[in-house]
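Working notes, beginning with the structure itself.
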Amino acid sequence: MGLLRSQEYPSLFTLLECLCIYAMFYFETTGKWFRVYLLFIPVFFIVFTIIELILWPGNDYLIIPEYLTVIVMALLFFYHLLTKLNVPKLINYPFFYFNTAFLIYFCGSFFMFLFSKQVSVLDKDIIKMITLFHCFLNIFYLSLITTGIWKTTRK
C-alpha cells in the first residue's frame, strides 16, 4: 500500500492544477491588490485539501471552489487588462489566450459539475450530449492553451 490511496489522487491533481493556474496569474499581473489576493488563495486550497483528504476521502469537493476562484480571477484579470490598457495588440498577447481558455472551460465545467447529481437521473441521450459538450470544451480549452504557448514562442 502506497502513501496515498487511488481515490485521493483527484484531490491532489485539483490542488496542483489550481496552484499552477494561480502561479500564472501571479507572475502575469502587475496590480498590487490582485497579487495580495493571490497570495491567500493557495493557502486556502492547501488547508482545504488536507481537510478534504482527512474528512471526505474519495470525494472531490475542491472542484467547485477552484472553478469559482479561477472564474473570478479570469474576470478580474480582464478587468485589469481593459482598464490599464497597457497591451497594444490583445491578439498578440499570449496570456489573453490562457485567460480566455480558463474562463470558457471553467465556466462551462462549473455548471456541469454543479448540476451533476441532477443530470445523473436524466435520459442517457442527454447525458451523452452533456459529455460531448464537455469534450468540446476540453478541446477548445487545450486549443487556446496551445495558441497561447505558440504566441509565447513568437515573441
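Ordered as shown in the C-alpha cells, chains take letters A, B, and onward, while each chain numbers its residues from 1 and ligands are numbered from 1 in the order shown.
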
Residues of segment 88-136 of chain A that approach segment 66-82 of chain A to 12 Å or less, counting only C-alpha atoms: could you list each one with the shortest pair of atoms and its distance in Å to one decimal, rows by chain and increasing residue number, as JSON lines?
```
{"residue": "A:Pro88", "atom": "CA", "partner": "A:Leu81", "partner_atom": "CA", "distance": 10.8}
{"residue": "A:Lys89", "atom": "CA", "partner": "A:Leu81", "partner_atom": "CA", "distance": 11.6}
{"residue": "A:Leu90", "atom": "CA", "partner": "A:Leu81", "partner_atom": "CA", "distance": 9.4}
{"residue": "A:Tyr93", "atom": "CA", "partner": "A:Leu81", "partner_atom": "CA", "distance": 10.8}
{"residue": "A:Phe95", "atom": "CA", "partner": "A:Phe77", "partner_atom": "CA", "distance": 9.9}
{"residue": "A:Phe96", "atom": "CA", "partner": "A:Phe78", "partner_atom": "CA", "distance": 8.4}
{"residue": "A:Tyr97", "atom": "CA", "partner": "A:Ala74", "partner_atom": "CA", "distance": 11.1}
{"residue": "A:Phe98", "atom": "CA", "partner": "A:Ala74", "partner_atom": "CA", "distance": 9.4}
{"residue": "A:Asn99", "atom": "CA", "partner": "A:Ala74", "partner_atom": "CA", "distance": 5.8}
{"residue": "A:Thr100", "atom": "CA", "partner": "A:Ala74", "partner_atom": "CA", "distance": 7.6}
{"residue": "A:Ala101", "atom": "CA", "partner": "A:Ala74", "partner_atom": "CA", "distance": 9.4}
{"residue": "A:Phe102", "atom": "CA", "partner": "A:Ala74", "partner_atom": "CA", "distance": 6.9}
{"residue": "A:Leu103", "atom": "CA", "partner": "A:Ile71", "partner_atom": "CA", "distance": 5.6}
{"residue": "A:Ile104", "atom": "CA", "partner": "A:Ile71", "partner_atom": "CA", "distance": 8.7}
{"residue": "A:Tyr105", "atom": "CA", "partner": "A:Tyr67", "partner_atom": "CA", "distance": 9.3}
{"residue": "A:Phe106", "atom": "CA", "partner": "A:Tyr67", "partner_atom": "CA", "distance": 5.6}
{"residue": "A:Cys107", "atom": "CA", "partner": "A:Ile71", "partner_atom": "CA", "distance": 6.6}
{"residue": "A:Gly108", "atom": "CA", "partner": "A:Tyr67", "partner_atom": "CA", "distance": 9.7}
{"residue": "A:Ser109", "atom": "CA", "partner": "A:Tyr67", "partner_atom": "CA", "distance": 8.0}
{"residue": "A:Phe110", "atom": "CA", "partner": "A:Tyr67", "partner_atom": "CA", "distance": 6.0}
{"residue": "A:Phe111", "atom": "CA", "partner": "A:Tyr67", "partner_atom": "CA", "distance": 9.6}
{"residue": "A:Met112", "atom": "CA", "partner": "A:Tyr67", "partner_atom": "CA", "distance": 11.2}
{"residue": "A:Phe113", "atom": "CA", "partner": "A:Tyr67", "partner_atom": "CA", "distance": 9.8}
{"residue": "A:Leu114", "atom": "CA", "partner": "A:Tyr67", "partner_atom": "CA", "distance": 10.2}
```

Those selected residues, please, written with N, CA, C and O atoms and delivered as a compact mmCIF listing (two decimals), in the first residue's frame.
```txt
# COMPACT_ATOMS: atom_id res chain seq x y z
N PRO A 88 -0.84 46.79 -26.40
CA PRO A 88 -1.26 47.45 -27.65
C PRO A 88 -2.11 46.55 -28.55
O PRO A 88 -3.11 47.00 -29.08
N LYS A 89 -1.71 45.30 -28.73
CA LYS A 89 -2.47 44.37 -29.57
C LYS A 89 -2.84 43.16 -28.73
O LYS A 89 -2.00 42.31 -28.45
N LEU A 90 -4.10 43.08 -28.36
CA LEU A 90 -4.55 41.99 -27.49
C LEU A 90 -4.43 40.63 -28.17
O LEU A 90 -4.17 39.63 -27.52
N TYR A 93 -1.08 39.05 -27.50
CA TYR A 93 -0.74 38.88 -26.09
C TYR A 93 -1.02 37.41 -25.69
O TYR A 93 -2.17 36.98 -25.69
N PHE A 95 -1.04 35.73 -22.86
CA PHE A 95 -1.89 35.44 -21.69
C PHE A 95 -3.36 35.69 -21.97
O PHE A 95 -4.22 35.19 -21.25
N PHE A 96 -3.67 36.44 -23.02
CA PHE A 96 -5.08 36.60 -23.43
C PHE A 96 -5.67 35.24 -23.77
O PHE A 96 -6.80 34.94 -23.40
N TYR A 97 -4.92 34.41 -24.47
CA TYR A 97 -5.40 33.08 -24.84
C TYR A 97 -5.51 32.16 -23.62
O TYR A 97 -6.47 31.39 -23.49
N PHE A 98 -4.54 32.24 -22.72
CA PHE A 98 -4.62 31.44 -21.49
C PHE A 98 -5.84 31.84 -20.67
O PHE A 98 -6.60 30.99 -20.20
N ASN A 99 -6.02 33.13 -20.50
CA ASN A 99 -7.12 33.63 -19.68
C ASN A 99 -8.47 33.29 -20.30
O ASN A 99 -9.41 32.91 -19.61
N THR A 100 -8.58 33.43 -21.61
CA THR A 100 -9.82 33.07 -22.30
C THR A 100 -10.10 31.58 -22.16
O THR A 100 -11.25 31.18 -21.94
N ALA A 101 -9.07 30.77 -22.27
CA ALA A 101 -9.23 29.32 -22.10
C ALA A 101 -9.72 29.00 -20.70
O ALA A 101 -10.65 28.20 -20.53
N PHE A 102 -9.11 29.62 -19.69
CA PHE A 102 -9.55 29.39 -18.31
C PHE A 102 -11.00 29.79 -18.12
O PHE A 102 -11.78 29.06 -17.52
N LEU A 103 -11.36 30.95 -18.63
CA LEU A 103 -12.71 31.47 -18.43
C LEU A 103 -13.76 30.58 -19.10
O LEU A 103 -14.75 30.19 -18.47
N ILE A 104 -13.55 30.22 -20.35
CA ILE A 104 -14.53 29.41 -21.07
C ILE A 104 -14.63 28.00 -20.49
O ILE A 104 -15.73 27.50 -20.22
N TYR A 105 -13.50 27.34 -20.28
CA TYR A 105 -13.53 25.96 -19.79
C TYR A 105 -14.08 25.87 -18.37
O TYR A 105 -14.94 25.04 -18.08
N PHE A 106 -13.62 26.74 -17.48
CA PHE A 106 -14.05 26.62 -16.09
C PHE A 106 -15.49 27.08 -15.90
O PHE A 106 -16.18 26.55 -15.02
N CYS A 107 -15.99 28.02 -16.70
CA CYS A 107 -17.41 28.39 -16.62
C CYS A 107 -18.30 27.23 -17.06
O CYS A 107 -19.28 26.88 -16.39
N GLY A 108 -17.97 26.64 -18.20
CA GLY A 108 -18.77 25.52 -18.70
C GLY A 108 -18.71 24.31 -17.78
O GLY A 108 -19.73 23.69 -17.46
N SER A 109 -17.52 23.97 -17.32
CA SER A 109 -17.37 22.81 -16.44
C SER A 109 -17.97 23.06 -15.07
O SER A 109 -18.47 22.13 -14.43
N PHE A 110 -17.94 24.31 -14.61
CA PHE A 110 -18.53 24.63 -13.31
C PHE A 110 -20.00 24.27 -13.28
O PHE A 110 -20.47 23.60 -12.35
N PHE A 111 -20.74 24.67 -14.31
CA PHE A 111 -22.17 24.37 -14.32
C PHE A 111 -22.42 22.88 -14.53
O PHE A 111 -23.38 22.33 -13.98
N MET A 112 -21.56 22.22 -15.25
CA MET A 112 -21.73 20.77 -15.42
C MET A 112 -21.52 20.02 -14.12
O MET A 112 -22.29 19.13 -13.77
N PHE A 113 -20.47 20.36 -13.38
CA PHE A 113 -20.20 19.68 -12.12
C PHE A 113 -21.16 20.12 -11.02
O PHE A 113 -21.46 19.36 -10.12
N LEU A 114 -21.65 21.35 -11.09
CA LEU A 114 -22.58 21.84 -10.09
C LEU A 114 -23.90 21.08 -10.16
O LEU A 114 -24.50 20.77 -9.13
```

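Our summary of the geometry notes that atom CA of Leu122 of chain A is positioned 28.8 Å from atom CA of Glu52 of chain A.
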
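Proximity of A:Met129, A:Asn92, A:Cys135, A:Val36 to Trp150 of chain A, computed with only C-alpha atoms, is greatest for A:Asn92.
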
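Taking atom CA of Pro94 of chain A and atom CA of Tyr22 of chain A as the two end points, the separation is 16.2 Å.
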
Please identify the helix (DSSP H, G or I) residues within chain A (assignment by DSSP from backbone atoms) and present them as a VMD selection string. chain A and resid 6 to 28 32 to 55 63 to 84 90 to 92 94 to 114 116 to 119 124 to 153
